[in-house]
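Report on the structure given below.
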Amino acid sequence: MQTAAATSYLHEPKGLKSWLFTLDHKRIGVMYLVAIMTMFLVGGVLALLIRTELLHPGRDIMGAETYNRMFTLHGAIMIFLFIIPSIPAAIGNFVLPLMIGAKDVAFPRLNLMSWYLYVFGALFSIYSIITGGIDTGWTFYTPYSITTGTSVISITTGVFILGFSSIFTGLNFIVTVHKLRAPGMSWFKMPLMVWGLYATAIVQVLATPVLGITLVLLILERLFSIGIFDPALGGDPVLYQHFFWFYSHPAVYIMILPGMAIISELVSTFSHRHIFGYKAIAFSSLGIAFLGFLVWGHHMFTSGQSETASVVFSFLTFFIGIPSGVKIFNWLATLYKGQISFKAPMLYTMSFLFLFTIGGLTGIFLGALSVDVHLQDTYFVVAHFHYVMMGGAVMALLGGIHYWWPKMFGKMYSEFWARIAAILIFVGFNMTFFTQFIMGTRGMPRRYYSYPSEFTGMHGFSSVGSYVLGLGFLIAVIYLIHSLFRGPVAPANPWGALTLEWQTSSPPPTDNFDYDPIVEHGPYDYDKIHVEPMK
Amino acid sequence: MSPHDTPQASPLAHHFADMEQQRDSAKLGMWVFLLTEVLLFGGLFCVYAIYRAWHPEMFFNAHKQLNVWMGATNTIVLIASSVTMALAIRSMQLNQRKPAVRFIFATLALAGVFLVIKYFEYAHKIHLGQLPGKYYTFTGLEGTNPHVFFTVYFMMTGLHGFHVLCGMGAMLWLLRRIRKGEFSAEYYTPIEMTGLYWHLVDLIWIFLFPLFYLIG
Amino acid sequence: MSGKQHHHILPLSTYLSVGAALLVLTVITVAVSQYQLGEWNLIVAMTIATIKATLVLLFFMHLKYDNKLYAVAFLIAVTFLAVFIVLTMLDTMTRDEFGRGSIDKPVQYQSAPAHPGEGEEPASHDTAGHTADTADSSHK
Amino acid sequence: MDTTSTFWLPGQYSTIASDVDGLFYFIYWCSVFLLALVTAAMTLFVIRYRRRGKVSLTSGFTHNTSMEIVWSVIPTIPIVVVFMWGSKTFIRMHAMPGNAVEVKVTAQKWFWSFDYPDGASSVNELVVPVNKSVKLTMSSQDVIHSFFVPQFRVKQDVLPNRYTQLWFQATARGTYNLYCAEFCGKGHSEMLGKVRVVSDSEFVKWADEQNKPPEGMSLEDFGAQLYKTKACVTCHSVDGTAGTGPSFKNVFGHEVLLADGRRVMADENYVRESILDPRAKVVNGFQPVMPTYQGVIKDRQIDAIIAYLKTLAK
Ligand code: HEA
Ligand code: HEA
Ligand code: CUA
Ligand SMILES: [Cu+2]
């Protein structure tokens with residue numbers, strides 16, 4: 001195949017301006033990737049500061065007020081600026097049109113606007129850091145958020161803007177999937193990645209507007225005391241929680257569905273085996289997207305929500321386990337009788353399978369009413385959501401980055417270092433967060449700047465784990481950046497995958513395909529077609 | 001139907017196969033956008049429902065402060081504007097540019113009337129101190145927390161009014177493009193999209209009107 | 001992608017009669033609201049509003065003639081909105097009904113404070129004296 | 001020492017704890033089983049079917065409806081058990097017992113205060129009798145807090161606009177940690193308290209002591225103690241500086257200028273009235289914001305406060 005020719009989207013046209021005004025989904029995807037990874041770095045550094053403060057009870061490196069700002073920013077940045085846009089806007093943007101054989105997304109201008117809105121929203125958030133930070137927790141619960149002296153308005157405005165960015169991405173993907181599939185790409189010939197992104201887009205489009213109106217109400221409440229959420233004026237703080245979680249629970253599926261979508265690709269490619277239960281996986285994505293809207297009240301079991309509502313929400317919560325389980329079991333069945341390679345993306349896939357299962361099952365503990373009463377707002381919850389977000393979504397993202405890196409940049413990274421980093425990240429992650437399950441069940445509350453001395457040992461161990469984790473990421477950054485300059489040139493299809501994006505050159509030309517792609521086989525027909533992977 | 005039929009530079013973007021695909025995409029995109037609008041307003045409908053259920057007497061008393069006749073006039077104005085908007089699209093489908101322009105003007109004028117009436121209503125409320133939250137100074141109302149009624153009223157009608165303004169902006173932009181001769185019976189997607197948006201604005205008012213003016 | 005259905009141009013009379021129907025329904029709903037019918041006011045008003053909305057959707061917004069996908073999409077949005085309102089009200093309407101004592105009523109606030117800015121004192125509860133020891137620094 | 005504690009959970013010291021833990025361990029063992037299953041299958045497959053050399057066409061076994069049904073339906077069975085069990089205990093947690101010791105809990109930034117029906121009160125230390133149901137009626141003065149005692153497996157948010165309730169029955173004497181579990185600002189992690197579970201007789205004795213000077217304590221010292229525990233210290237200093245209220249230094253026996261221009265002598269009756277009906281005579285230069293202590297401070301305690309005020313007046 002041709003090498004990184006001058007016709008690739010990366011090289012033509014040239015100049016900073018051609019990037020900033022580009023309408024090419026691939027460039028926008030890359031710009032998103034740079035942006036979210038920067039935010040991940042910021043959020044990760046904040047996390048390491050948090051862990052360092054928690055080495056011992058009492059003050060280590062910062063006071064309580066600073067600590068509260070740290071974890072709020074860590075949470076807000078990781079959620080709104082990193083994980084929600086991460087897979088859809090960065091990787092999805094890049095691969096979705098390629099995978100369905102389209103030249104671009106349906107609305108390229110809207111796509112670029114989405115990126116600028118993202119940057120704009122990020123600037124607002126940074127502005128709030130400069131003007132004193134914010135100390136409400138990422139959930140902005142009233143009445144604390146309307147009485148605290150910190151910059152709540154600028155960060156919520158930022159998040160409001162980010163919401164639009166997210167909606168535009170979702171809207172674009174829905175239309176692209178419906179209208180721009182290449183001839184022959186019927187719904188059930190689409191790669192599962194596309195199904196996952198499609199389900200995600202539906203959630204983005206339906207849930208995010210409610211976040212928007214919630215934040216508007218919160219901002220107005222703070223500015224003008226309008227009396228909807230403010231108890232001093234007859235408002236109801238628990239109502240705020242409903243509004244917040246009506247978005248934020250579906251939002252956790254905005255984070256994990258694209259992750260699951262990536263895993264479906266990786267499992268099949270690296271087992272060199274037809275995905276097992278294609279339709280079951282595709283429909284379970286839609287099922288999760290739908291059920292995800294019915295369970296938000298499980299964050300409010302101890303909030304003063306009515307018992308009737310709690311029981312109903314608990315009941316509905318458990319059903320999400322079923323489609324999630326269907327995915328896990330189908331992936332396992334795909335491994336059966338495959339030809340499994342242990343390339344870095346596969347290591348992340350295996351991490352995902354293990355860690356997400358733990359994260360998801362601990363979600364079942366939290367969904368069980370009486371147990372959640374004990375566990376709510378303890379480190380058990382912190383551990384749960386890091387297992388699903390970091391162990392699930394981020395592992396999938398890392399797998400995806402390593403998988404599509406050659407396609408995106410036309411270069412191969414060092415497989416050796418990639419494996420070392422993957423292992424370090426896996427080990428460090430478990431050290432950091434498994435410990436937190438134990439602390440949580442023993443009663444350690446979250447958002448605590450200091451803690452009773454009985455927890456010192458475990459907090460210390462967790463902090464050390466986070467340094468190992470940090471080291472893993474440092475290595476990843478180094479070899480990935482190194483590969484951009486010194487890496488060997490990547491072939492068009494290094495993994496021997498069958499989806500369309502691997503049929504065009506690496507990196508692809510601006511119009512994606514030099515010919516009109518025709519779909520001749522399914523995305524996973526490893527039982528019919530022979531493609532030899534690199535090496 | 002091929003792009004060559006249009007007199008101007010082809011409106012077909014490079015990544016679409018044909019006009020039909022492009023038009024369908026725009027339409028689906030618009031509908032998805034309308035969904036987000038429904039849920040955006042939905043949050044406020046939810047606030048309305050909950051506070052009304054908590055304080056039914058207060059809502060009932062407070063709604064009497066609104067002027068049914070102004071509200072009803074505005075409803076009729078908006079319905080009329082929906083009709084003129086639909087007719088504008090129909091004219092364009094028949095390639096009748098002049099009537100299309102006239103209908104859009106009519107729609108704009110009706111939207112203006114709507115806002116003027118709204119302005120008088122607002123001015124009256126502000127004068128009486130029937131304002132949201134802590135700015136509420138009116139004393140003539142029985143019931144718990146009447147300021148919440150006016151919070152909801154101003155939030156919902158305000159957001160709706162904002163949408164009316166956006167719609168007017170879109171129509172001005174349409175007029176400009178029609179002037180430049182960019183639309184024809186073959187390509188009139190932007191008019192159609194604006195029409196869909198405008199009907200949604202009407203549709204939301206169709207619910208706001210009874211909820212606030214008639215039953216409270 | 002389905003044929004030329006978008007060339008479907010409705011006759012003028014359709015738009016005019018739908019417009020007329022909307023006006024008539026508006027008059028009816030206003031008229032009905034002048035009578036006190038209790039529950040029924042709400043039901044009638046909402047039924048008429050829904051009929052009006054359906055007319056707008058079907059004819060002005062062409063759902064009747066267009067790709068059914070749009071209609072499905074719109075219904076999905078309305079469904080999720082209903083889910084939002086219903087499940088939230090499931091909480092707000094059933095609070096404190098369950099095995100609770102009677103004292104458990106929402107604190108009654110005065111109607112909104114007349115002086116902006118000053119009415120922020122937190123609700124004062126039954127008795128005084130809960131304000132023990134404001135520990136500026138005395139708490140560990 | 002803590003015989004009921006396990007690797008995962010702290011000791012069980014309330015009547016519902018064992019019920020909660022039972023469900024916890026039920027889910028735990030189901031999860032361990034599932035995780036083991038998933039991990040074992042994964043490990044087995046990746047080792048058994050690892051890639052050796054070149055790839056070739058692989059199995060065409062791509063779907064199987066009965067397998068899908070099996071692994072969707074089988075997990076629903078334990079799930080239903082978990083739901084029913086969890087809800088049952090939850091409902092038990094929320095059904096308030098009839099004959100309970102009732103305590104009013106007030107949370108504010110960043111401490112807890114407890115008021116008992118007979119006038120006793122305490123700060124950051126909840127004293128309750130063992131083996132008796134205790135019912136807490138809770139509210140907050142500012143933002144949301146949450147009452148959390150891990151050893152009792154109870155937690156309930158404390159709201160500013162309505163009362164929430166919680167009950168428990170402690171099963172062993174001892175002192176247990178009380179945490180604030182809802183983020184409430186700077187002092188959130190210092191908003192700690194203790195629950196001291198004592199025998200019936202000790203409880204009665206303790207409540208009594210709150211109303212009269214402890215054995216061997218002088219009346220003046222008792223007054224000084226009440227000055228702190230009844231929160232007079234919040235608004236009144238003893239060093240002459242005015243706070244929200246006037247300082248207690250040199251009040252007793254001196255003439256006081258009232259807001260309405262009258263002058264009165266600060267004698268026993270004046271002090272008594274100031275405590276029980278603070279708005280009757282408002283001191284010039286201060287807002288009438290002092291709460292009434294009617295029913296909260298007993299006669300004997302007022303005597304003690306007066307005795308204390310006397311020591312502050314020269
Ligand atoms: C990616 C994000 C993500 C994902 C995917 C999930 C997935 C789930 N979460 Fe999680 N959750 C969060 C992010 C996420 N969560 C966050 C951020 C918070 C805290 C927010 C805050 O307060 O700051 C939270 C908090 C949270 C709570 C509230 C805790 C509390 O505050 O008290 C609850 C309670 O029910 C819960 C439940 C669940 C459940 C049931 C799932 C399910 O979707 C899991 C389903 C998966 C499985 C069950 C595993 C695989 C299945 C099998 C192996 C099949 C067999 C098993 C069964 C059928 C049971 N989560
Ligand atoms: C996606 C979401 C996400 C992710 C990935 C993380 C990652 C981490 N989190 Fe985060 N966390 C949250 C979301 C997330 N967190 C949320 C929502 C909260 C709740 C906040 C609240 O209560 O309001 C929280 C709270 C939270 C707490 C609890 C604070 C408290 O309650 O007091 C702690 C404590 O240990 C913690 C630790 C960590 C650690 C050590 C990591 C580590 O995994 C971080 C490791 C990452 C790095 C070290 C950065 C390295 C990155 C690079 C170098 C760039 C890479 C570039 C390329 C690969 C190209 N987090
Ligand atoms: Cu009080 Cu946290
Ligand atoms: Cu959730």
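Quick note on naming: the chains in the structure tokens go A, B, ... in the order shown, residues restart at 1 in each chain, and ligands are numbered from 1 in order of appearance.
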Per residue of chain D within 12 Å of ligand 1, what are the shortest atom pair and its distance in Å to one decimal, counting only C-alpha atoms and all ligand atoms, with rows by chain and residue number, as JSON lines?
{"residue": "D:Ile27", "atom": "CA", "partner": "ligand 1", "partner_atom_place_in_ligand_line": "59 (C)", "distance": 9.0}
{"residue": "D:Tyr28", "atom": "CA", "partner": "ligand 1", "partner_atom_place_in_ligand_line": "59 (C)", "distance": 11.1}
{"residue": "D:Trp29", "atom": "CA", "partner": "ligand 1", "partner_atom_place_in_ligand_line": "59 (C)", "distance": 12.0}
{"residue": "D:Cys30", "atom": "CA", "partner": "ligand 1", "partner_atom_place_in_ligand_line": "59 (C)", "distance": 8.7}
{"residue": "D:Ser31", "atom": "CA", "partner": "ligand 1", "partner_atom_place_in_ligand_line": "56 (C)", "distance": 7.6}
{"residue": "D:Val32", "atom": "CA", "partner": "ligand 1", "partner_atom_place_in_ligand_line": "53 (C)", "distance": 10.3}
{"residue": "D:Phe33", "atom": "CA", "partner": "ligand 1", "partner_atom_place_in_ligand_line": "53 (C)", "distance": 9.8}
{"residue": "D:Leu34", "atom": "CA", "partner": "ligand 1", "partner_atom_place_in_ligand_line": "53 (C)", "distance": 6.1}
{"residue": "D:Leu35", "atom": "CA", "partner": "ligand 1", "partner_atom_place_in_ligand_line": "53 (C)", "distance": 6.9}
{"residue": "D:Ala36", "atom": "CA", "partner": "ligand 1", "partner_atom_place_in_ligand_line": "53 (C)", "distance": 10.0}
{"residue": "D:Leu37", "atom": "CA", "partner": "ligand 1", "partner_atom_place_in_ligand_line": "53 (C)", "distance": 8.8}
{"residue": "D:Val38", "atom": "CA", "partner": "ligand 1", "partner_atom_place_in_ligand_line": "53 (C)", "distance": 7.1}
{"residue": "D:Thr39", "atom": "CA", "partner": "ligand 1", "partner_atom_place_in_ligand_line": "53 (C)", "distance": 10.1}
{"residue": "D:Ala41", "atom": "CA", "partner": "ligand 1", "partner_atom_place_in_ligand_line": "53 (C)", "distance": 11.9}
{"residue": "D:Glu68", "atom": "CA", "partner": "ligand 1", "partner_atom_place_in_ligand_line": "54 (C)", "distance": 11.8}
{"residue": "D:Val70", "atom": "CA", "partner": "ligand 1", "partner_atom_place_in_ligand_line": "55 (C)", "distance": 11.3}
{"residue": "D:Trp71", "atom": "CA", "partner": "ligand 1", "partner_atom_place_in_ligand_line": "54 (C)", "distance": 7.8}
{"residue": "D:Ser72", "atom": "CA", "partner": "ligand 1", "partner_atom_place_in_ligand_line": "58 (C)", "distance": 7.3}
{"residue": "D:Val73", "atom": "CA", "partner": "ligand 1", "partner_atom_place_in_ligand_line": "58 (C)", "distance": 8.5}
{"residue": "D:Ile74", "atom": "CA", "partner": "ligand 1", "partner_atom_place_in_ligand_line": "58 (C)", "distance": 8.0}
{"residue": "D:Pro75", "atom": "CA", "partner": "ligand 1", "partner_atom_place_in_ligand_line": "58 (C)", "distance": 4.4}
{"residue": "D:Thr76", "atom": "CA", "partner": "ligand 1", "partner_atom_place_in_ligand_line": "58 (C)", "distance": 5.9}
{"residue": "D:Ile77", "atom": "CA", "partner": "ligand 1", "partner_atom_place_in_ligand_line": "58 (C)", "distance": 8.7}
{"residue": "D:Pro78", "atom": "CA", "partner": "ligand 1", "partner_atom_place_in_ligand_line": "59 (C)", "distance": 7.7}
{"residue": "D:Ile79", "atom": "CA", "partner": "ligand 1", "partner_atom_place_in_ligand_line": "59 (C)", "distance": 6.1}
{"residue": "D:Val80", "atom": "CA", "partner": "ligand 1", "partner_atom_place_in_ligand_line": "59 (C)", "distance": 9.8}
{"residue": "D:Val81", "atom": "CA", "partner": "ligand 1", "partner_atom_place_in_ligand_line": "59 (C)", "distance": 11.1}
{"residue": "D:Val82", "atom": "CA", "partner": "ligand 1", "partner_atom_place_in_ligand_line": "59 (C)", "distance": 9.5}
{"residue": "D:Phe83", "atom": "CA", "partner": "ligand 1", "partner_atom_place_in_ligand_line": "59 (C)", "distance": 10.9}
{"residue": "D:Gly86", "atom": "CA", "partner": "ligand 1", "partner_atom_place_in_ligand_line": "35 (O)", "distance": 11.8}
{"residue": "D:Lys155", "atom": "CA", "partner": "ligand 1", "partner_atom_place_in_ligand_line": "32 (O)", "distance": 10.5}
{"residue": "D:Gln156", "atom": "CA", "partner": "ligand 1", "partner_atom_place_in_ligand_line": "32 (O)", "distance": 11.3}
{"residue": "D:Asp157", "atom": "CA", "partner": "ligand 1", "partner_atom_place_in_ligand_line": "32 (O)", "distance": 11.7}
{"residue": "D:Ala181", "atom": "CA", "partner": "ligand 1", "partner_atom_place_in_ligand_line": "31 (O)", "distance": 10.6}
{"residue": "D:Glu182", "atom": "CA", "partner": "ligand 1", "partner_atom_place_in_ligand_line": "22 (O)", "distance": 10.2}
{"residue": "D:Phe183", "atom": "CA", "partner": "ligand 1", "partner_atom_place_in_ligand_line": "22 (O)", "distance": 10.7}
For chain C, work out the contacting residues on chain B at 8 Å, counting only C-alpha atoms, and write them as a ChimeraX atom specification. /B:20-21,24,28,31-32,35-36,38-39,42,46,49-50,53-54,72,75-76,79-80,82-83,86-87,90,93,133-137,143-147,195-196,199,203,206-207,210-211,214-215
Set the cut-off to 10 Å, count only C-alpha atoms and all ligand atoms, and list whatever residues fall near ligand 4 as a list of chain:residue names. A:Trp245, A:Phe246, A:Tyr247, A:Ser248, A:His249, A:Pro250, A:Ala251, A:Val252, A:Tyr253, A:Gly292, A:Phe293, A:Leu294, A:Val295, A:Trp296, A:Gly297, A:His298, A:His299, A:Met300, A:Thr317, A:Gly363, A:Leu366, A:Gly367, A:Phe385
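Across A:Asn111, A:Thr139, A:Thr22, A:Thr510, the tightest approach to chain D is made by A:Thr139 when counting only C-alpha atoms.
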Test item: residues no farther than 6 Å from ligand 2, counting only C-alpha atoms and all ligand atoms, as a compact mmCIF listing (two decimals) with N, CA and C atoms, in the first residue's frame:
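Result file follows (part_7.txt):
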# COMPACT_ATOMS: atom_id res chain seq x y z
N MET A 37 -7.03 15.15 25.56
CA MET A 37 -5.89 14.57 26.26
C MET A 37 -5.21 15.62 27.13
N PHE A 40 -7.27 15.68 30.11
CA PHE A 40 -7.03 14.48 30.91
C PHE A 40 -5.77 14.66 31.73
N LEU A 41 -4.77 15.25 31.11
CA LEU A 41 -3.53 15.51 31.83
C LEU A 41 -3.79 16.43 33.02
N GLY A 44 -5.74 14.62 35.57
CA GLY A 44 -4.90 13.59 36.19
C GLY A 44 -3.91 14.20 37.18
N VAL A 45 -3.36 15.34 36.84
CA VAL A 45 -2.43 15.99 37.77
C VAL A 45 -3.19 16.41 39.03
N ALA A 47 -5.70 14.89 40.19
CA ALA A 47 -5.94 13.64 40.92
C ALA A 47 -4.72 13.26 41.75
N LEU A 48 -3.53 13.43 41.15
CA LEU A 48 -2.33 13.07 41.90
C LEU A 48 -2.14 14.00 43.10
N ILE A 50 -4.63 15.36 44.74
CA ILE A 50 -5.61 14.86 45.71
C ILE A 50 -5.03 13.69 46.48
N ARG A 51 -4.46 12.73 45.73
CA ARG A 51 -3.92 11.55 46.39
C ARG A 51 -2.77 11.91 47.30
N PHE A 71 -10.85 18.57 44.22
CA PHE A 71 -11.64 17.41 43.77
C PHE A 71 -12.81 17.85 42.91
N THR A 72 -13.31 19.07 43.16
CA THR A 72 -14.39 19.57 42.30
C THR A 72 -13.89 19.73 40.88
N GLY A 75 -13.17 16.36 39.25
CA GLY A 75 -14.39 15.71 38.79
C GLY A 75 -14.98 16.42 37.58
N MET A 78 -12.71 16.00 34.46
CA MET A 78 -12.71 14.62 33.96
C MET A 78 -14.04 14.28 33.29
N ILE A 79 -15.14 14.74 33.87
CA ILE A 79 -16.44 14.38 33.31
C ILE A 79 -16.77 15.24 32.10
N ILE A 83 -14.13 12.94 29.66
CA ILE A 83 -14.67 11.65 29.29
C ILE A 83 -15.90 11.75 28.39
N GLY A 137 -18.19 20.33 44.50
CA GLY A 137 -18.30 18.98 43.97
C GLY A 137 -18.85 19.08 42.56
N TRP A 138 -18.59 18.07 41.73
CA TRP A 138 -19.01 18.21 40.33
C TRP A 138 -20.52 18.19 40.17
N HIS A 386 -14.79 5.02 39.54
CA HIS A 386 -13.50 4.97 38.85
C HIS A 386 -13.34 3.64 38.12
N MET A 389 -15.51 4.25 34.99
CA MET A 389 -15.08 5.34 34.10
C MET A 389 -13.63 5.17 33.69
N MET A 390 -12.78 4.98 34.70
CA MET A 390 -11.36 4.83 34.38
C MET A 390 -11.12 3.40 33.88
N ARG A 446 -16.72 10.11 51.38
CA ARG A 446 -15.98 10.77 50.31
C ARG A 446 -15.95 12.27 50.51
N ARG A 447 -15.17 12.94 49.68
CA ARG A 447 -15.00 14.39 49.74
C ARG A 447 -14.49 14.83 51.10
N TYR A 448 -13.68 13.95 51.72
CA TYR A 448 -13.09 14.26 53.03
C TYR A 448 -11.64 14.67 52.83
N SER A 466 -1.61 5.36 42.84
CA SER A 466 -1.86 6.41 41.84
C SER A 466 -0.55 6.89 41.22
N LEU A 469 0.22 4.46 38.55
CA LEU A 469 -0.68 4.79 37.45
C LEU A 469 -0.12 5.97 36.64
N GLY A 470 0.30 6.99 37.38
CA GLY A 470 0.87 8.17 36.71
C GLY A 470 2.08 7.80 35.87
N PHE A 473 1.10 6.29 32.59
CA PHE A 473 0.67 7.28 31.63
C PHE A 473 1.84 8.07 31.06
N LEU A 474 2.79 8.35 31.93
CA LEU A 474 3.96 9.10 31.47
C LEU A 474 4.66 8.33 30.34
N ALA A 476 3.32 6.16 28.40
CA ALA A 476 2.45 6.17 27.22
C ALA A 476 2.63 7.46 26.43
N VAL A 477 2.64 8.58 27.15
CA VAL A 477 2.80 9.86 26.46
C VAL A 477 4.12 9.87 25.69
Write out as a list in words each polymer residue (protein, DNA or RNA) that has an atom no more than 8 Å from ligand 3, with only C-alpha atoms and all ligand atoms counted.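 The distance check yields Ala107, Gln108, Lys109, Trp110, Phe111, Val143, Ile144, His145, Ser146, Tyr179, Cys180, Ala181, Glu182, Phe183, Cys184, Gly185, Gly187, His188, Ser189 and Met191 of chain D.
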Save the residues we just selected, N, CA, C and O atoms, as a short mmCIF file (atom, residue, chain, number, x, y, z; two decimals), in the first residue's frame?
data_model
loop_
_atom_site.label_atom_id
_atom_site.label_comp_id
_atom_site.auth_asym_id
_atom_site.auth_seq_id
_atom_site.Cartn_x
_atom_site.Cartn_y
_atom_site.Cartn_z
N ALA D 107 -28.43 20.11 62.13
CA ALA D 107 -27.10 20.14 61.54
C ALA D 107 -26.86 21.54 61.04
O ALA D 107 -27.77 22.20 60.55
N GLN D 108 -25.68 22.01 61.22
CA GLN D 108 -25.29 23.24 60.58
C GLN D 108 -23.80 23.22 60.39
O GLN D 108 -23.11 22.37 60.93
N LYS D 109 -23.30 24.17 59.58
CA LYS D 109 -21.87 24.21 59.32
C LYS D 109 -21.14 24.48 60.61
O LYS D 109 -21.26 25.59 61.13
N TRP D 110 -20.32 23.65 61.18
CA TRP D 110 -20.13 22.28 60.82
C TRP D 110 -20.20 21.45 62.09
O TRP D 110 -19.23 20.94 62.56
N PHE D 111 -21.38 21.42 62.67
CA PHE D 111 -21.55 20.60 63.88
C PHE D 111 -22.99 20.14 64.01
O PHE D 111 -23.89 20.62 63.32
N VAL D 143 -26.95 24.31 54.64
CA VAL D 143 -26.94 23.49 53.44
C VAL D 143 -27.30 22.05 53.80
O VAL D 143 -27.65 21.77 54.94
N ILE D 144 -27.20 21.13 52.83
CA ILE D 144 -27.54 19.74 53.12
C ILE D 144 -26.37 19.06 53.84
O ILE D 144 -25.22 19.23 53.46
N HIS D 145 -26.68 18.35 54.88
CA HIS D 145 -25.70 17.50 55.56
C HIS D 145 -26.25 16.09 55.53
O HIS D 145 -27.38 15.87 55.08
N SER D 146 -25.48 15.14 56.03
CA SER D 146 -26.01 13.79 56.07
C SER D 146 -25.52 13.07 57.32
O SER D 146 -24.34 13.10 57.64
N TYR D 179 -20.48 10.56 61.18
CA TYR D 179 -19.89 11.36 60.12
C TYR D 179 -20.95 12.22 59.45
O TYR D 179 -22.12 11.85 59.40
N CYS D 180 -20.50 13.32 58.86
CA CYS D 180 -21.36 14.03 57.92
C CYS D 180 -21.00 13.52 56.54
O CYS D 180 -19.85 13.61 56.12
N ALA D 181 -21.99 12.97 55.85
CA ALA D 181 -21.68 12.31 54.58
C ALA D 181 -22.12 13.09 53.36
O ALA D 181 -22.05 12.60 52.26
N GLU D 182 -22.64 14.29 53.54
CA GLU D 182 -22.96 15.07 52.34
C GLU D 182 -22.08 16.30 52.36
O GLU D 182 -22.01 17.02 53.36
N PHE D 183 -21.44 16.55 51.23
CA PHE D 183 -20.46 17.63 51.18
C PHE D 183 -21.10 18.96 51.58
O PHE D 183 -22.13 19.35 51.05
N CYS D 184 -20.48 19.64 52.55
CA CYS D 184 -21.10 20.87 53.06
C CYS D 184 -20.09 21.99 53.23
O CYS D 184 -20.34 22.95 53.93
N GLY D 185 -18.92 21.85 52.60
CA GLY D 185 -17.99 22.97 52.63
C GLY D 185 -16.73 22.67 53.41
O GLY D 185 -16.38 21.52 53.65
N GLY D 187 -15.58 22.67 56.42
CA GLY D 187 -15.45 21.83 57.59
C GLY D 187 -16.11 20.46 57.45
O GLY D 187 -16.27 19.75 58.45
N HIS D 188 -16.46 20.08 56.23
CA HIS D 188 -17.18 18.81 56.00
C HIS D 188 -16.47 17.63 56.67
O HIS D 188 -17.10 16.81 57.35
N SER D 189 -15.15 17.55 56.49
CA SER D 189 -14.47 16.38 57.05
C SER D 189 -14.21 16.52 58.55
O SER D 189 -13.74 15.59 59.18
N MET D 191 -16.79 17.60 60.45
CA MET D 191 -18.14 17.60 61.03
C MET D 191 -18.41 16.22 61.62
O MET D 191 -19.30 15.50 61.21
#
Excluding same-chain residues fewer than 5 positions from Leu178 of chain D, what lies within 9 Å of it counting only C-alpha atoms, as a ChimeraX atom specification? /D:124-126,147-150,191-195
Give as a ChimeraX atom specification every residue of chain D that touches chain C within 10 Å, counting only C-alpha atoms. /D:91-98,104-115,121-124,137-143,160-166,187,190-192,227-235,290-297
Would you mind listing, as a ChimeraX atom specification, all residues of chain A that have at least one atom within 10 Å of chain B, where only C-alpha atoms are what counts? /A:102-108,167-168,170-176,178-180,182,202,204-214,216-217,220-221,224-228,230,232-236,239,243,246,511
Return as a PyMOL selection string the residues belonging to chain A that are within 7 Å of chain D, counting only C-alpha atoms. chain A and resi 64-65+143-144+231+273-277+302-304+311+315+318+322+326+332+335-341+354+357-358+361+365+368-371+373-374+377+438+441-443+445+447-451+526-530+532
What is the atom CA of Gly223 of chain D to atom CA of Tyr308 of chain D distance in Å?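 Spanning atom CA of Gly223 of chain D to atom CA of Tyr308 of chain D is a straight-line distance of 5.1 Å.
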For Gly261 of chain D, please output as a ChimeraX atom specification all residues within 10 Å (counting only C-alpha atoms; exclusion window: fewer than 5 positions along the same chain). /D:256,283-284
Just-selected residues, N, CA and C atoms written as a compact mmCIF listing (two decimals), in the first residue's frame:
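Listing of part-v9.txt after writing:
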# COMPACT_ATOMS: atom_id res chain seq x y z
N VAL D 256 -29.29 49.25 82.07
CA VAL D 256 -29.23 48.94 80.64
C VAL D 256 -30.12 49.91 79.88
N VAL D 283 -32.14 45.42 73.98
CA VAL D 283 -31.07 46.34 74.33
C VAL D 283 -30.80 47.30 73.18
N ASN D 284 -30.56 48.56 73.51
CA ASN D 284 -30.30 49.56 72.49
C ASN D 284 -29.07 49.19 71.67
In Å and to one decimal, atom CA of Met62 of chain A is distant from atom CA of Phe120 of chain A by 29.6 Å
Taking only segment 100-294 of chain D into account, list the residues labelled alpha helix (DSSP H) by DSSP (computed from the backbone), as a ChimeraX atom specification. /D:200-209,219-229,268-276
